[in-house]
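Reading through the structure tokens given below for one structure.
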Amino acid sequence: MEVATMLMRADPFRDLDRLTQQVFGTPARPALMPMDAWREGDEFFAELDLPGIDPESLDLDIERNVVTVRASRPQLDPNRSMIAAERTRGVFSRQLFLGENLDTDAIRAEYRDGVLRLAIPVAEKAKPRKIEIARHHDKQAINA
């Protein structure tokens, strides 16, 4: 008996459930590109998990204030006898809707160790600033 047969029994409902979880995810395990996002000083950061992605397959576009991240993971070799195949394959994407207070012209992106990191500076117009208050010190003489 093969090892794969000993590990898994054929169950079409389990296979359907696994496919559904891969496509839609679960609360404990999102399907595609889980993300952390935070603000640090005058920059907003987002990190998206993309393990096993060829950097050449990554595509990052921005239109207005919507950043779209696309990536692809190649299909499995059909001649390979798989014991488990749980990682998402093919092309997938995620959109980030950015606020007006971010400078989308200055986005920086870096892909390292399976993580895509976006750094987006806060727009100058959105940074706190002091407003000068005009004070008039006109002295008027009072005639008595």
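In the structure tokens, the first chain shown is A, the next is B, and so on; residue numbers restart at 1 for each chain, and ligands run from 1 in the order shown.
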
- Within 6 Å of region 112-122 of chain A, counting only C-alpha atoms, which residues show up once you throw out same-chain ones fewer than 6 positions away? Write them as a PyMOL selection string, please. chain A and resi 42-51+101-103

- What separation in Å, quoted to one decimal, exists between CA of Arg89 (chain A) and CA of Val66 (chain A)? 24.3 Å

- Item | Contact residues around Asp59 (chain A) with only C-alpha atoms at 7 Å, ignoring same-chain residues under 2 positions, as a PyMOL selection string | chain A and resi 57+61+69-71

- Message: Would you compute the distance between CA of Glu86 (chain A) and CA of Glu56 (chain A)? Give it in Å to one decimal.
- Response: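 Answer for the CA of Glu86 (chain A) to CA of Glu56 (chain A) separation: 22.6 Å.
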
- Using only C-alpha atoms, which residue out of A:Ala106, A:Ala37, A:Ile131, A:Val91 lies closest to Ile53 (chain A)? A:Val91
